[in-house]
$ cat input-v3.cif   # mmCIF, N, CA and C atoms and all ligand atoms
data_target
loop_
_atom_site.label_atom_id
_atom_site.label_comp_id
_atom_site.auth_asym_id
_atom_site.auth_seq_id
_atom_site.Cartn_x
_atom_site.Cartn_y
_atom_site.Cartn_z
N MET A 163 0.84 -1.22 0.00
CA MET A 163 0.00 0.00 0.00
C MET A 163 0.87 1.26 0.00
N SER A 164 0.50 2.23 -0.79
CA SER A 164 1.27 3.47 -0.84
C SER A 164 0.94 4.34 0.37
N MET A 165 1.80 5.33 0.60
CA MET A 165 1.57 6.26 1.71
C MET A 165 0.22 6.97 1.56
N LEU A 166 -0.14 7.30 0.30
CA LEU A 166 -1.42 8.00 0.08
C LEU A 166 -2.61 7.09 0.37
N ASP A 167 -2.49 5.80 0.03
CA ASP A 167 -3.56 4.84 0.36
C ASP A 167 -3.68 4.72 1.88
N HIS A 168 -2.51 4.61 2.55
CA HIS A 168 -2.54 4.54 4.01
C HIS A 168 -3.19 5.79 4.59
N GLN A 169 -2.85 6.93 3.99
CA GLN A 169 -3.39 8.19 4.51
C GLN A 169 -4.91 8.21 4.39
N SER A 170 -5.44 7.84 3.25
CA SER A 170 -6.90 7.91 3.10
C SER A 170 -7.58 6.85 3.95
N ALA A 171 -6.98 5.66 4.09
CA ALA A 171 -7.59 4.62 4.92
C ALA A 171 -7.57 5.04 6.40
N LEU A 172 -6.47 5.66 6.80
CA LEU A 172 -6.36 6.07 8.20
C LEU A 172 -7.34 7.20 8.53
N ILE A 173 -7.46 8.13 7.60
CA ILE A 173 -8.41 9.24 7.81
C ILE A 173 -9.84 8.71 7.82
N ALA A 174 -10.15 7.77 6.96
CA ALA A 174 -11.50 7.18 6.95
C ALA A 174 -11.78 6.47 8.27
N ALA A 175 -10.79 5.78 8.81
CA ALA A 175 -10.97 5.08 10.09
C ALA A 175 -11.16 6.08 11.23
N ALA A 176 -10.41 7.16 11.20
CA ALA A 176 -10.55 8.19 12.24
C ALA A 176 -11.93 8.85 12.15
N ARG A 177 -12.38 9.06 10.94
CA ARG A 177 -13.70 9.67 10.74
C ARG A 177 -14.81 8.74 11.26
N ALA A 178 -14.69 7.45 10.95
CA ALA A 178 -15.70 6.49 11.44
C ALA A 178 -15.67 6.41 12.96
N ALA A 179 -14.49 6.48 13.52
CA ALA A 179 -14.36 6.43 14.99
C ALA A 179 -15.00 7.67 15.62
N ARG A 180 -14.83 8.79 14.96
CA ARG A 180 -15.42 10.04 15.49
C ARG A 180 -16.93 9.90 15.68
N ALA A 181 -17.56 9.17 14.79
CA ALA A 181 -19.02 8.99 14.88
C ALA A 181 -19.42 8.23 16.14
N MET A 182 -18.47 7.53 16.76
CA MET A 182 -18.74 6.75 17.97
C MET A 182 -18.41 7.50 19.25
N ALA A 183 -17.94 8.74 19.13
CA ALA A 183 -17.47 9.48 20.31
C ALA A 183 -18.56 9.57 21.38
N HIS A 184 -18.11 9.49 22.62
CA HIS A 184 -19.00 9.77 23.76
C HIS A 184 -18.55 11.11 24.33
N ALA A 185 -19.18 12.16 23.81
CA ALA A 185 -18.75 13.52 24.18
C ALA A 185 -19.95 14.39 24.51
N PRO A 186 -20.77 13.96 25.49
CA PRO A 186 -21.98 14.72 25.78
C PRO A 186 -21.69 16.03 26.51
N TYR A 187 -20.51 16.18 27.07
CA TYR A 187 -20.22 17.37 27.88
C TYR A 187 -19.59 18.47 27.03
N SER A 188 -18.56 18.13 26.28
CA SER A 188 -17.94 19.14 25.41
C SER A 188 -18.66 19.24 24.07
N ARG A 189 -19.34 18.17 23.68
CA ARG A 189 -19.92 18.05 22.35
C ARG A 189 -18.85 18.19 21.26
N PHE A 190 -17.63 17.88 21.62
CA PHE A 190 -16.50 17.94 20.68
C PHE A 190 -16.08 16.50 20.39
N ALA A 191 -16.61 15.96 19.32
CA ALA A 191 -16.34 14.56 18.97
C ALA A 191 -15.02 14.44 18.22
N VAL A 192 -14.23 13.47 18.65
CA VAL A 192 -12.92 13.25 18.03
C VAL A 192 -12.77 11.76 17.73
N GLY A 193 -12.19 11.47 16.58
CA GLY A 193 -11.78 10.10 16.25
C GLY A 193 -10.31 10.09 15.94
N ALA A 194 -9.66 8.99 16.24
CA ALA A 194 -8.23 8.87 15.92
C ALA A 194 -7.99 7.47 15.38
N ALA A 195 -6.95 7.35 14.57
CA ALA A 195 -6.57 6.04 14.05
C ALA A 195 -5.05 5.99 13.96
N VAL A 196 -4.51 4.82 14.29
CA VAL A 196 -3.07 4.60 14.17
C VAL A 196 -2.82 3.41 13.24
N LEU A 197 -1.78 3.56 12.45
CA LEU A 197 -1.31 2.47 11.58
C LEU A 197 -0.16 1.79 12.31
N ASP A 198 -0.25 0.48 12.52
CA ASP A 198 0.82 -0.19 13.26
C ASP A 198 1.90 -0.74 12.33
N GLU A 199 2.92 -1.34 12.93
CA GLU A 199 4.08 -1.81 12.17
C GLU A 199 3.73 -3.01 11.27
N GLN A 200 2.55 -3.59 11.49
CA GLN A 200 2.11 -4.70 10.65
C GLN A 200 1.14 -4.24 9.57
N GLY A 201 0.95 -2.93 9.45
CA GLY A 201 0.06 -2.39 8.43
C GLY A 201 -1.41 -2.42 8.81
N ARG A 202 -1.66 -2.65 10.09
CA ARG A 202 -3.05 -2.71 10.55
C ARG A 202 -3.46 -1.36 11.14
N ILE A 203 -4.75 -1.07 11.03
CA ILE A 203 -5.29 0.19 11.54
C ILE A 203 -6.09 -0.07 12.81
N HIS A 204 -5.87 0.77 13.80
CA HIS A 204 -6.61 0.70 15.06
C HIS A 204 -7.19 2.08 15.32
N ALA A 205 -8.46 2.11 15.69
CA ALA A 205 -9.13 3.40 15.84
C ALA A 205 -9.76 3.53 17.22
N GLY A 206 -10.05 4.76 17.58
CA GLY A 206 -10.72 5.02 18.86
C GLY A 206 -11.32 6.40 18.87
N CYS A 207 -12.19 6.62 19.84
CA CYS A 207 -12.87 7.92 19.98
C CYS A 207 -12.63 8.46 21.38
N ASN A 208 -12.99 9.73 21.57
CA ASN A 208 -12.92 10.26 22.94
C ASN A 208 -14.10 9.74 23.75
N VAL A 209 -13.84 9.52 25.02
CA VAL A 209 -14.83 8.94 25.94
C VAL A 209 -14.87 9.84 27.16
N GLU A 210 -15.88 10.73 27.20
CA GLU A 210 -15.98 11.66 28.32
C GLU A 210 -16.70 11.02 29.50
N ASN A 211 -16.66 11.72 30.62
CA ASN A 211 -17.23 11.19 31.86
C ASN A 211 -17.89 12.32 32.63
N ALA A 212 -18.97 12.01 33.34
CA ALA A 212 -19.65 13.02 34.16
C ALA A 212 -18.70 13.62 35.18
N ALA A 213 -17.74 12.84 35.63
CA ALA A 213 -16.63 13.37 36.43
C ALA A 213 -15.58 13.82 35.41
N TYR A 214 -15.68 15.05 34.97
CA TYR A 214 -15.00 15.52 33.76
C TYR A 214 -13.55 15.05 33.59
N PRO A 215 -12.70 15.16 34.64
CA PRO A 215 -11.29 14.81 34.39
C PRO A 215 -11.06 13.33 34.08
N GLN A 216 -12.07 12.50 34.29
CA GLN A 216 -11.90 11.07 34.04
C GLN A 216 -12.08 10.69 32.57
N GLY A 217 -12.49 11.63 31.75
CA GLY A 217 -12.63 11.33 30.33
C GLY A 217 -11.26 11.18 29.69
N TRP A 218 -11.25 10.57 28.49
CA TRP A 218 -9.97 10.44 27.79
C TRP A 218 -10.13 10.71 26.30
N CYS A 219 -9.00 10.90 25.66
CA CYS A 219 -8.97 11.34 24.27
C CYS A 219 -9.06 10.17 23.28
N ALA A 220 -9.43 10.52 22.07
CA ALA A 220 -9.51 9.54 20.98
C ALA A 220 -8.17 8.85 20.73
N GLU A 221 -7.09 9.61 20.84
CA GLU A 221 -5.76 9.03 20.59
C GLU A 221 -5.44 7.94 21.60
N ALA A 222 -5.84 8.17 22.85
CA ALA A 222 -5.59 7.16 23.89
C ALA A 222 -6.38 5.90 23.60
N SER A 223 -7.62 6.07 23.14
CA SER A 223 -8.43 4.90 22.78
C SER A 223 -7.80 4.13 21.63
N ALA A 224 -7.32 4.85 20.62
CA ALA A 224 -6.73 4.18 19.45
C ALA A 224 -5.45 3.44 19.84
N LEU A 225 -4.65 4.06 20.68
CA LEU A 225 -3.41 3.39 21.12
C LEU A 225 -3.73 2.15 21.95
N SER A 226 -4.73 2.25 22.78
CA SER A 226 -5.13 1.10 23.58
C SER A 226 -5.56 -0.05 22.67
N ALA A 227 -6.33 0.26 21.64
CA ALA A 227 -6.76 -0.78 20.69
C ALA A 227 -5.55 -1.40 19.99
N MET A 228 -4.56 -0.57 19.65
CA MET A 228 -3.36 -1.09 19.00
C MET A 228 -2.61 -2.05 19.91
N VAL A 229 -2.40 -1.65 21.13
CA VAL A 229 -1.64 -2.49 22.07
C VAL A 229 -2.38 -3.79 22.33
N MET A 230 -3.68 -3.69 22.48
CA MET A 230 -4.48 -4.89 22.75
C MET A 230 -4.44 -5.87 21.59
N ALA A 231 -4.28 -5.35 20.37
CA ALA A 231 -4.22 -6.22 19.18
C ALA A 231 -2.81 -6.72 18.91
N GLY A 232 -1.86 -6.33 19.76
CA GLY A 232 -0.49 -6.81 19.60
C GLY A 232 0.41 -5.88 18.82
N GLY A 233 -0.12 -4.74 18.40
CA GLY A 233 0.72 -3.74 17.73
C GLY A 233 1.66 -3.10 18.73
N ARG A 234 2.88 -2.81 18.29
CA ARG A 234 3.87 -2.24 19.22
C ARG A 234 4.49 -0.96 18.73
N ARG A 235 4.24 -0.60 17.44
CA ARG A 235 4.74 0.66 16.90
C ARG A 235 3.63 1.35 16.14
N ALA A 236 3.56 2.67 16.29
CA ALA A 236 2.63 3.48 15.49
C ALA A 236 3.46 4.14 14.39
N VAL A 237 3.12 3.88 13.14
CA VAL A 237 3.91 4.44 12.04
C VAL A 237 3.21 5.60 11.34
N ALA A 238 1.94 5.81 11.61
CA ALA A 238 1.22 6.99 11.14
C ALA A 238 -0.03 7.15 12.00
N VAL A 239 -0.46 8.40 12.12
CA VAL A 239 -1.59 8.72 12.99
C VAL A 239 -2.52 9.68 12.26
N ALA A 240 -3.82 9.48 12.41
CA ALA A 240 -4.79 10.45 11.89
C ALA A 240 -5.75 10.82 13.01
N VAL A 241 -6.11 12.10 13.04
CA VAL A 241 -7.09 12.61 14.00
C VAL A 241 -8.18 13.30 13.20
N CYS A 242 -9.42 13.04 13.54
CA CYS A 242 -10.55 13.67 12.84
C CYS A 242 -11.44 14.41 13.82
N ALA A 243 -11.60 15.70 13.59
CA ALA A 243 -12.49 16.53 14.41
C ALA A 243 -12.87 17.74 13.57
N VAL A 244 -13.86 18.47 14.02
CA VAL A 244 -14.33 19.64 13.27
C VAL A 244 -14.13 20.87 14.13
N ALA A 245 -13.28 21.78 13.66
CA ALA A 245 -12.94 22.99 14.40
C ALA A 245 -12.40 24.02 13.42
N PRO A 246 -12.34 25.28 13.84
CA PRO A 246 -11.82 26.31 12.92
C PRO A 246 -10.38 26.03 12.47
N GLN A 247 -9.56 25.52 13.37
CA GLN A 247 -8.19 25.15 13.01
C GLN A 247 -8.08 23.63 12.97
N PRO A 248 -7.10 23.10 12.22
CA PRO A 248 -6.86 21.66 12.26
C PRO A 248 -6.65 21.19 13.70
N VAL A 249 -7.24 20.04 14.04
CA VAL A 249 -7.14 19.54 15.42
C VAL A 249 -5.96 18.57 15.52
N THR A 250 -5.03 18.93 16.37
CA THR A 250 -3.85 18.11 16.63
C THR A 250 -4.01 17.44 18.00
N PRO A 251 -3.26 16.37 18.24
CA PRO A 251 -3.34 15.72 19.55
C PRO A 251 -2.94 16.68 20.68
N CYS A 252 -3.62 16.55 21.82
CA CYS A 252 -3.28 17.39 22.98
C CYS A 252 -1.87 17.02 23.47
N GLY A 253 -1.35 17.82 24.36
CA GLY A 253 0.02 17.59 24.84
C GLY A 253 0.21 16.21 25.44
N GLY A 254 -0.76 15.81 26.26
CA GLY A 254 -0.66 14.49 26.88
C GLY A 254 -0.66 13.38 25.86
N CYS A 255 -1.47 13.52 24.83
CA CYS A 255 -1.53 12.47 23.80
C CYS A 255 -0.29 12.49 22.92
N ARG A 256 0.32 13.63 22.74
CA ARG A 256 1.61 13.64 22.02
C ARG A 256 2.61 12.75 22.75
N GLN A 257 2.62 12.87 24.05
CA GLN A 257 3.53 12.02 24.83
C GLN A 257 3.10 10.55 24.78
N LYS A 258 1.82 10.30 24.83
CA LYS A 258 1.35 8.90 24.72
C LYS A 258 1.77 8.31 23.37
N LEU A 259 1.63 9.09 22.31
CA LEU A 259 2.05 8.62 20.98
C LEU A 259 3.55 8.38 20.94
N ARG A 260 4.30 9.24 21.62
CA ARG A 260 5.77 9.17 21.61
C ARG A 260 6.27 7.81 22.12
N GLU A 261 5.50 7.20 22.98
CA GLU A 261 5.89 5.88 23.49
C GLU A 261 6.04 4.85 22.36
N PHE A 262 5.25 5.03 21.32
CA PHE A 262 5.15 4.01 20.26
C PHE A 262 5.58 4.52 18.89
N ALA A 263 5.93 5.79 18.78
CA ALA A 263 6.19 6.38 17.46
C ALA A 263 7.49 7.18 17.47
N ALA A 264 8.11 7.25 16.30
CA ALA A 264 9.35 8.02 16.14
C ALA A 264 9.03 9.46 15.74
N ASP A 265 10.07 10.28 15.79
CA ASP A 265 9.90 11.70 15.45
C ASP A 265 9.34 11.91 14.04
N ASP A 266 9.65 10.99 13.12
CA ASP A 266 9.21 11.19 11.73
C ASP A 266 7.82 10.62 11.45
N CYS A 267 7.16 10.15 12.49
CA CYS A 267 5.80 9.60 12.31
C CYS A 267 4.84 10.69 11.85
N PRO A 268 4.17 10.51 10.70
CA PRO A 268 3.20 11.52 10.27
C PRO A 268 1.99 11.57 11.20
N VAL A 269 1.54 12.78 11.46
CA VAL A 269 0.29 13.01 12.20
C VAL A 269 -0.60 13.84 11.30
N TRP A 270 -1.67 13.21 10.81
CA TRP A 270 -2.56 13.88 9.87
C TRP A 270 -3.79 14.39 10.60
N ALA A 271 -4.05 15.69 10.46
CA ALA A 271 -5.22 16.32 11.05
C ALA A 271 -6.29 16.42 9.97
N ALA A 272 -7.43 15.81 10.24
CA ALA A 272 -8.51 15.77 9.25
C ALA A 272 -9.80 16.30 9.84
N ASP A 273 -10.71 16.65 8.95
CA ASP A 273 -12.08 16.94 9.37
C ASP A 273 -13.00 16.05 8.54
N GLU A 274 -14.28 16.35 8.55
CA GLU A 274 -15.23 15.48 7.83
C GLU A 274 -14.99 15.50 6.32
N SER A 275 -14.26 16.48 5.82
CA SER A 275 -13.98 16.56 4.38
C SER A 275 -12.66 15.93 3.99
N GLY A 276 -11.84 15.56 4.98
CA GLY A 276 -10.55 14.96 4.65
C GLY A 276 -9.39 15.69 5.30
N LEU A 277 -8.22 15.52 4.71
CA LEU A 277 -6.99 16.07 5.30
C LEU A 277 -7.02 17.59 5.41
N ARG A 278 -6.67 18.10 6.59
CA ARG A 278 -6.55 19.56 6.77
C ARG A 278 -5.11 20.00 6.89
N ALA A 279 -4.29 19.19 7.57
CA ALA A 279 -2.90 19.59 7.80
C ALA A 279 -2.09 18.34 8.12
N ALA A 280 -0.81 18.40 7.78
CA ALA A 280 0.09 17.27 8.04
C ALA A 280 1.27 17.74 8.88
N TYR A 281 1.57 16.99 9.91
CA TYR A 281 2.68 17.30 10.81
C TYR A 281 3.50 16.02 10.99
N THR A 282 4.57 16.13 11.74
CA THR A 282 5.23 14.92 12.25
C THR A 282 5.16 15.00 13.77
N LEU A 283 5.28 13.82 14.39
CA LEU A 283 5.26 13.83 15.86
C LEU A 283 6.42 14.66 16.41
N GLY A 284 7.57 14.59 15.75
CA GLY A 284 8.73 15.36 16.21
C GLY A 284 8.49 16.86 16.15
N ALA A 285 7.72 17.30 15.17
CA ALA A 285 7.40 18.73 15.08
C ALA A 285 6.41 19.13 16.17
N LEU A 286 5.52 18.22 16.52
CA LEU A 286 4.51 18.53 17.55
C LEU A 286 5.07 18.38 18.97
N LEU A 287 6.10 17.54 19.10
CA LEU A 287 6.66 17.29 20.44
C LEU A 287 8.19 17.23 20.32
N PRO A 288 8.81 18.40 20.12
CA PRO A 288 10.26 18.40 19.91
C PRO A 288 11.03 18.08 21.20
N HIS A 289 12.22 17.55 21.03
CA HIS A 289 13.13 17.29 22.17
C HIS A 289 12.43 16.46 23.23
N SER A 290 11.70 15.45 22.78
CA SER A 290 10.83 14.73 23.71
C SER A 290 11.58 13.74 24.59
N PHE A 291 10.97 13.44 25.69
CA PHE A 291 11.42 12.37 26.58
C PHE A 291 10.75 11.08 26.11
N GLY A 292 11.55 10.01 26.02
CA GLY A 292 10.97 8.75 25.55
C GLY A 292 11.64 7.55 26.16
N PRO A 293 11.25 6.37 25.70
CA PRO A 293 11.75 5.12 26.27
C PRO A 293 13.28 5.01 26.24
N ASP A 294 13.93 5.66 25.26
CA ASP A 294 15.39 5.56 25.16
C ASP A 294 16.10 6.26 26.31
N HIS A 295 15.39 7.13 27.00
CA HIS A 295 16.01 7.82 28.14
C HIS A 295 16.15 6.92 29.36
N LEU A 296 15.38 5.86 29.40
CA LEU A 296 15.39 5.01 30.59
C LEU A 296 16.39 3.87 30.42
N PRO A 297 17.04 3.47 31.51
CA PRO A 297 17.96 2.35 31.41
C PRO A 297 17.20 1.08 31.04
N GLU A 298 17.89 0.18 30.37
CA GLU A 298 17.27 -1.10 29.95
C GLU A 298 16.75 -1.87 31.16
N1 LIG B 301 -9.90 15.50 22.42
C1 LIG B 301 -9.46 14.36 21.81
O1 LIG B 301 -10.05 13.29 21.98
N2 LIG B 301 -8.36 14.43 21.03
C2 LIG B 301 -7.73 15.59 20.67
O2 LIG B 301 -6.79 15.55 19.88
C3 LIG B 301 -8.20 16.87 21.22
C4 LIG B 301 -9.22 16.77 22.30
C5 LIG B 301 -11.13 15.43 23.22
C6 LIG B 301 -10.98 15.53 24.70
C7 LIG B 301 -12.37 16.00 25.10
O3 LIG B 301 -13.24 14.87 25.19
C8 LIG B 301 -12.82 16.85 23.92
O4 LIG B 301 -11.98 16.48 22.84
C9 LIG B 301 -12.72 18.34 24.16
O5 LIG B 301 -11.46 18.68 24.60
#
$ encode --input "input-v3.cif" --output "structure tokens"
Amino acid sequence: MSMLDHQSALIAAARAARAMAHAPYSRFAVGAAVLDEQGRIHAGCNVENAAYPQGWCAEASALSAMVMAGGRRAVAVAVCAVAPQPVTPCGGCRQKLREFAADDCPVWAADESGLRAAYTLGALLPHSFGPDHLPE
């Protein structure tokens, strides 16, 4: 599969995941999808909670799905949400992604119409702390 095929498949998965969001408090529905090292796509949505801080982001859901399926590396990421500016992963999710992705991992910001902006994880989270900092 070409990078462009992966991009459209990942964005479609993030868009479908967005439709499943549980976001009754913010009403800000987000879907995310990660492509793993085996070429598989894992998706997730944000899951809010009446105890507001207990909610979590779409990226966290997608990463959880990846790990549960045996994926260990994220090689591309797509986020789908509708906002005036392209929606990028929050700071905490950038760090969560960093656990499984390299600096050159593409992060595609999409809305219901498709790609809005393209970044890399390294651009979104420069000089990051990661697994390599810890002793074996
Ligand atoms: N949210 C995500 O799920 N991912 C992002 O990249 C940005 C923010 C969620 C968290 C919360 O449920 C809602 O969007 C509003 O912040």
$ residues_near_point --input "input-v3.cif" --point "(-4.4, 3.0, 15.8)" --cutoff "8 Å" --atoms "only N, CA and C atoms" --output "VMD selection string"
chain A and resid 194 to 198 202 to 206 221 223 to 229 236 238 to 240
$ residues_near_ligand --input "input-v3.cif" --ligand "ligand LIG 301 (chain B)" --cutoff "5 Å" --atoms "all atoms listed in the file" --output "PDB file with N, CA and C atoms, in the coordinates of the input"
ATOM      1  N   PHE A 190     -17.630  17.880  21.620  1.00  0.00           N
ATOM      2  CA  PHE A 190     -16.500  17.940  20.680  1.00  0.00           C
ATOM      3  C   PHE A 190     -16.080  16.500  20.390  1.00  0.00           C
ATOM      4  N   VAL A 192     -14.230  13.470  18.650  1.00  0.00           N
ATOM      5  CA  VAL A 192     -12.920  13.250  18.030  1.00  0.00           C
ATOM      6  C   VAL A 192     -12.770  11.760  17.730  1.00  0.00           C
ATOM      7  N   ASN A 208     -12.990   9.730  21.570  1.00  0.00           N
ATOM      8  CA  ASN A 208     -12.920  10.260  22.940  1.00  0.00           C
ATOM      9  C   ASN A 208     -14.100   9.740  23.750  1.00  0.00           C
ATOM     10  N   CYS A 219      -9.000  10.900  25.660  1.00  0.00           N
ATOM     11  CA  CYS A 219      -8.970  11.340  24.270  1.00  0.00           C
ATOM     12  C   CYS A 219      -9.060  10.170  23.280  1.00  0.00           C
ATOM     13  N   ALA A 220      -9.430  10.520  22.070  1.00  0.00           N
ATOM     14  CA  ALA A 220      -9.510   9.540  20.980  1.00  0.00           C
ATOM     15  C   ALA A 220      -8.170   8.850  20.730  1.00  0.00           C
ATOM     16  N   GLU A 221      -7.090   9.610  20.840  1.00  0.00           N
ATOM     17  CA  GLU A 221      -5.760   9.030  20.590  1.00  0.00           C
ATOM     18  C   GLU A 221      -5.440   7.940  21.600  1.00  0.00           C
ATOM     19  N   THR A 250      -5.030  18.930  16.370  1.00  0.00           N
ATOM     20  CA  THR A 250      -3.850  18.110  16.630  1.00  0.00           C
ATOM     21  C   THR A 250      -4.010  17.440  18.000  1.00  0.00           C
ATOM     22  N   PRO A 251      -3.260  16.370  18.240  1.00  0.00           N
ATOM     23  CA  PRO A 251      -3.340  15.720  19.550  1.00  0.00           C
ATOM     24  C   PRO A 251      -2.940  16.680  20.680  1.00  0.00           C
ATOM     25  N   CYS A 252      -3.620  16.550  21.820  1.00  0.00           N
ATOM     26  CA  CYS A 252      -3.280  17.390  22.980  1.00  0.00           C
ATOM     27  C   CYS A 252      -1.870  17.020  23.470  1.00  0.00           C
TER      28      CYS A 252
END
$ residues_near_point --input "input-v3.cif" --point "(-13.2, 11.2, 12.0)" --cutoff "7 Å" --atoms "all atoms listed in the file" --output "ChimeraX atom specification"
/A:173-181,192-194,241-243,272-274
$ atom_distance --input "input-v3.cif" --atom1 "atom CA of A:Val249" --atom2 "atom CA of A:Gly276"
12.2 Å
$ select_by_dssp --input "input-v3.cif" --residues "stretch 173-287 of chain A" --states "strand (DSSP E)" --output "PyMOL selection string"
chain A and resi 193-198+203-207+236-242+268-273+276-282
$ closest_residue --input "input-v3.cif" --among "A:Gly201, A:Gln216, A:Gly284, A:Ser188" --to "A:Ala263" --atoms "all atoms listed in the file"
A:Gly284
$ closest_residue --input "input-v3.cif" --among "A:Ala264, A:Cys255, A:Ala285, A:Ala271" --to "A:Glu199" --atoms "only C-alpha atoms"
A:Ala264
$ residues_around --input "input-v3.cif" --residues "A:Ala185" --least-positions-apart "6" --cutoff "8 Å" --atoms "only C-alpha atoms" --output "list in words"
Ala191, Asn208, Val209 and Glu210 of chain A
$ closest_residue --input "input-v3.cif" --among "A:Pro248, A:Arg260, A:Leu166, A:Leu296" --to "A:Ala279" --atoms "only N, CA and C atoms"
A:Pro248
$ select_by_dssp --input "input-v3.cif" --residues "stretch 166-224 of chain A" --states "alpha helix (DSSP H)" --output "short mmCIF file (atom, residue, chain, number, x, y, z; two decimals) with N, CA and C atoms, in the frame of the given file"
data_model
loop_
_atom_site.label_atom_id
_atom_site.label_comp_id
_atom_site.auth_asym_id
_atom_site.auth_seq_id
_atom_site.Cartn_x
_atom_site.Cartn_y
_atom_site.Cartn_z
N LEU A 166 -0.14 7.30 0.30
CA LEU A 166 -1.42 8.00 0.08
C LEU A 166 -2.61 7.09 0.37
N ASP A 167 -2.49 5.80 0.03
CA ASP A 167 -3.56 4.84 0.36
C ASP A 167 -3.68 4.72 1.88
N HIS A 168 -2.51 4.61 2.55
CA HIS A 168 -2.54 4.54 4.01
C HIS A 168 -3.19 5.79 4.59
N GLN A 169 -2.85 6.93 3.99
CA GLN A 169 -3.39 8.19 4.51
C GLN A 169 -4.91 8.21 4.39
N SER A 170 -5.44 7.84 3.25
CA SER A 170 -6.90 7.91 3.10
C SER A 170 -7.58 6.85 3.95
N ALA A 171 -6.98 5.66 4.09
CA ALA A 171 -7.59 4.62 4.92
C ALA A 171 -7.57 5.04 6.40
N LEU A 172 -6.47 5.66 6.80
CA LEU A 172 -6.36 6.07 8.20
C LEU A 172 -7.34 7.20 8.53
N ILE A 173 -7.46 8.13 7.60
CA ILE A 173 -8.41 9.24 7.81
C ILE A 173 -9.84 8.71 7.82
N ALA A 174 -10.15 7.77 6.96
CA ALA A 174 -11.50 7.18 6.95
C ALA A 174 -11.78 6.47 8.27
N ALA A 175 -10.79 5.78 8.81
CA ALA A 175 -10.97 5.08 10.09
C ALA A 175 -11.16 6.08 11.23
N ALA A 176 -10.41 7.16 11.20
CA ALA A 176 -10.55 8.19 12.24
C ALA A 176 -11.93 8.85 12.15
N ARG A 177 -12.38 9.06 10.94
CA ARG A 177 -13.70 9.67 10.74
C ARG A 177 -14.81 8.74 11.26
N ALA A 178 -14.69 7.45 10.95
CA ALA A 178 -15.70 6.49 11.44
C ALA A 178 -15.67 6.41 12.96
N ALA A 179 -14.49 6.48 13.52
CA ALA A 179 -14.36 6.43 14.99
C ALA A 179 -15.00 7.67 15.62
N ARG A 180 -14.83 8.79 14.96
CA ARG A 180 -15.42 10.04 15.49
C ARG A 180 -16.93 9.90 15.68
N ALA A 220 -9.43 10.52 22.07
CA ALA A 220 -9.51 9.54 20.98
C ALA A 220 -8.17 8.85 20.73
N GLU A 221 -7.09 9.61 20.84
CA GLU A 221 -5.76 9.03 20.59
C GLU A 221 -5.44 7.94 21.60
N ALA A 222 -5.84 8.17 22.85
CA ALA A 222 -5.59 7.16 23.89
C ALA A 222 -6.38 5.90 23.60
N SER A 223 -7.62 6.07 23.14
CA SER A 223 -8.43 4.90 22.78
C SER A 223 -7.80 4.13 21.63
N ALA A 224 -7.32 4.85 20.62
CA ALA A 224 -6.73 4.18 19.45
C ALA A 224 -5.45 3.44 19.84
#
$ axis_aligned_box --input "input-v3.cif" --around "stretch 209-228 of chain A" --padding-each-side "5 Å" --output "AutoDock Vina command-line options"
--center_x -11.1 --center_y 6.7 --center_z 27.7 --size_x 27.0 --size_y 27.6 --size_z 27.4
$ atom_distance --input "input-v3.cif" --atom1 "atom N of A:Gln200" --atom2 "atom N of A:Phe291"
23.7 Å
$ atom_distance --input "input-v3.cif" --atom1 "atom N of A:Leu259" --atom2 "atom CA of A:Pro215"
18.6 Å
$ build_atoms --input "input-v3.cif" --residues "stretch 214-221 of chain A" --atoms "N, CA, C and O atoms" --output "mmCIF file, keeping the file's coordinate frame"
data_model
loop_
_atom_site.group_PDB
_atom_site.id
_atom_site.type_symbol
_atom_site.label_atom_id
_atom_site.label_comp_id
_atom_site.auth_asym_id
_atom_site.auth_seq_id
_atom_site.Cartn_x
_atom_site.Cartn_y
_atom_site.Cartn_z
ATOM 1 N N TYR A 214 -15.680 15.050 34.970
ATOM 2 C CA TYR A 214 -15.000 15.520 33.760
ATOM 3 C C TYR A 214 -13.550 15.050 33.590
ATOM 4 O O TYR A 214 -13.181 14.623 32.501
ATOM 5 N N PRO A 215 -12.700 15.160 34.640
ATOM 6 C CA PRO A 215 -11.290 14.810 34.390
ATOM 7 C C PRO A 215 -11.060 13.330 34.080
ATOM 8 O O PRO A 215 -9.970 12.958 33.664
ATOM 9 N N GLN A 216 -12.070 12.500 34.290
ATOM 10 C CA GLN A 216 -11.900 11.070 34.040
ATOM 11 C C GLN A 216 -12.080 10.690 32.570
ATOM 12 O O GLN A 216 -11.833 9.551 32.190
ATOM 13 N N GLY A 217 -12.490 11.630 31.750
ATOM 14 C CA GLY A 217 -12.630 11.330 30.330
ATOM 15 C C GLY A 217 -11.260 11.180 29.690
ATOM 16 O O GLY A 217 -10.235 11.563 30.258
ATOM 17 N N TRP A 218 -11.250 10.570 28.490
ATOM 18 C CA TRP A 218 -9.970 10.440 27.790
ATOM 19 C C TRP A 218 -10.130 10.710 26.300
ATOM 20 O O TRP A 218 -11.250 10.728 25.775
ATOM 21 N N CYS A 219 -9.000 10.900 25.660
ATOM 22 C CA CYS A 219 -8.970 11.340 24.270
ATOM 23 C C CYS A 219 -9.060 10.170 23.280
ATOM 24 O O CYS A 219 -8.722 9.024 23.602
ATOM 25 N N ALA A 220 -9.430 10.520 22.070
ATOM 26 C CA ALA A 220 -9.510 9.540 20.980
ATOM 27 C C ALA A 220 -8.170 8.850 20.730
ATOM 28 O O ALA A 220 -8.117 7.644 20.458
ATOM 29 N N GLU A 221 -7.090 9.610 20.840
ATOM 30 C CA GLU A 221 -5.760 9.030 20.590
ATOM 31 C C GLU A 221 -5.440 7.940 21.600
ATOM 32 O O GLU A 221 -4.827 6.909 21.258
#
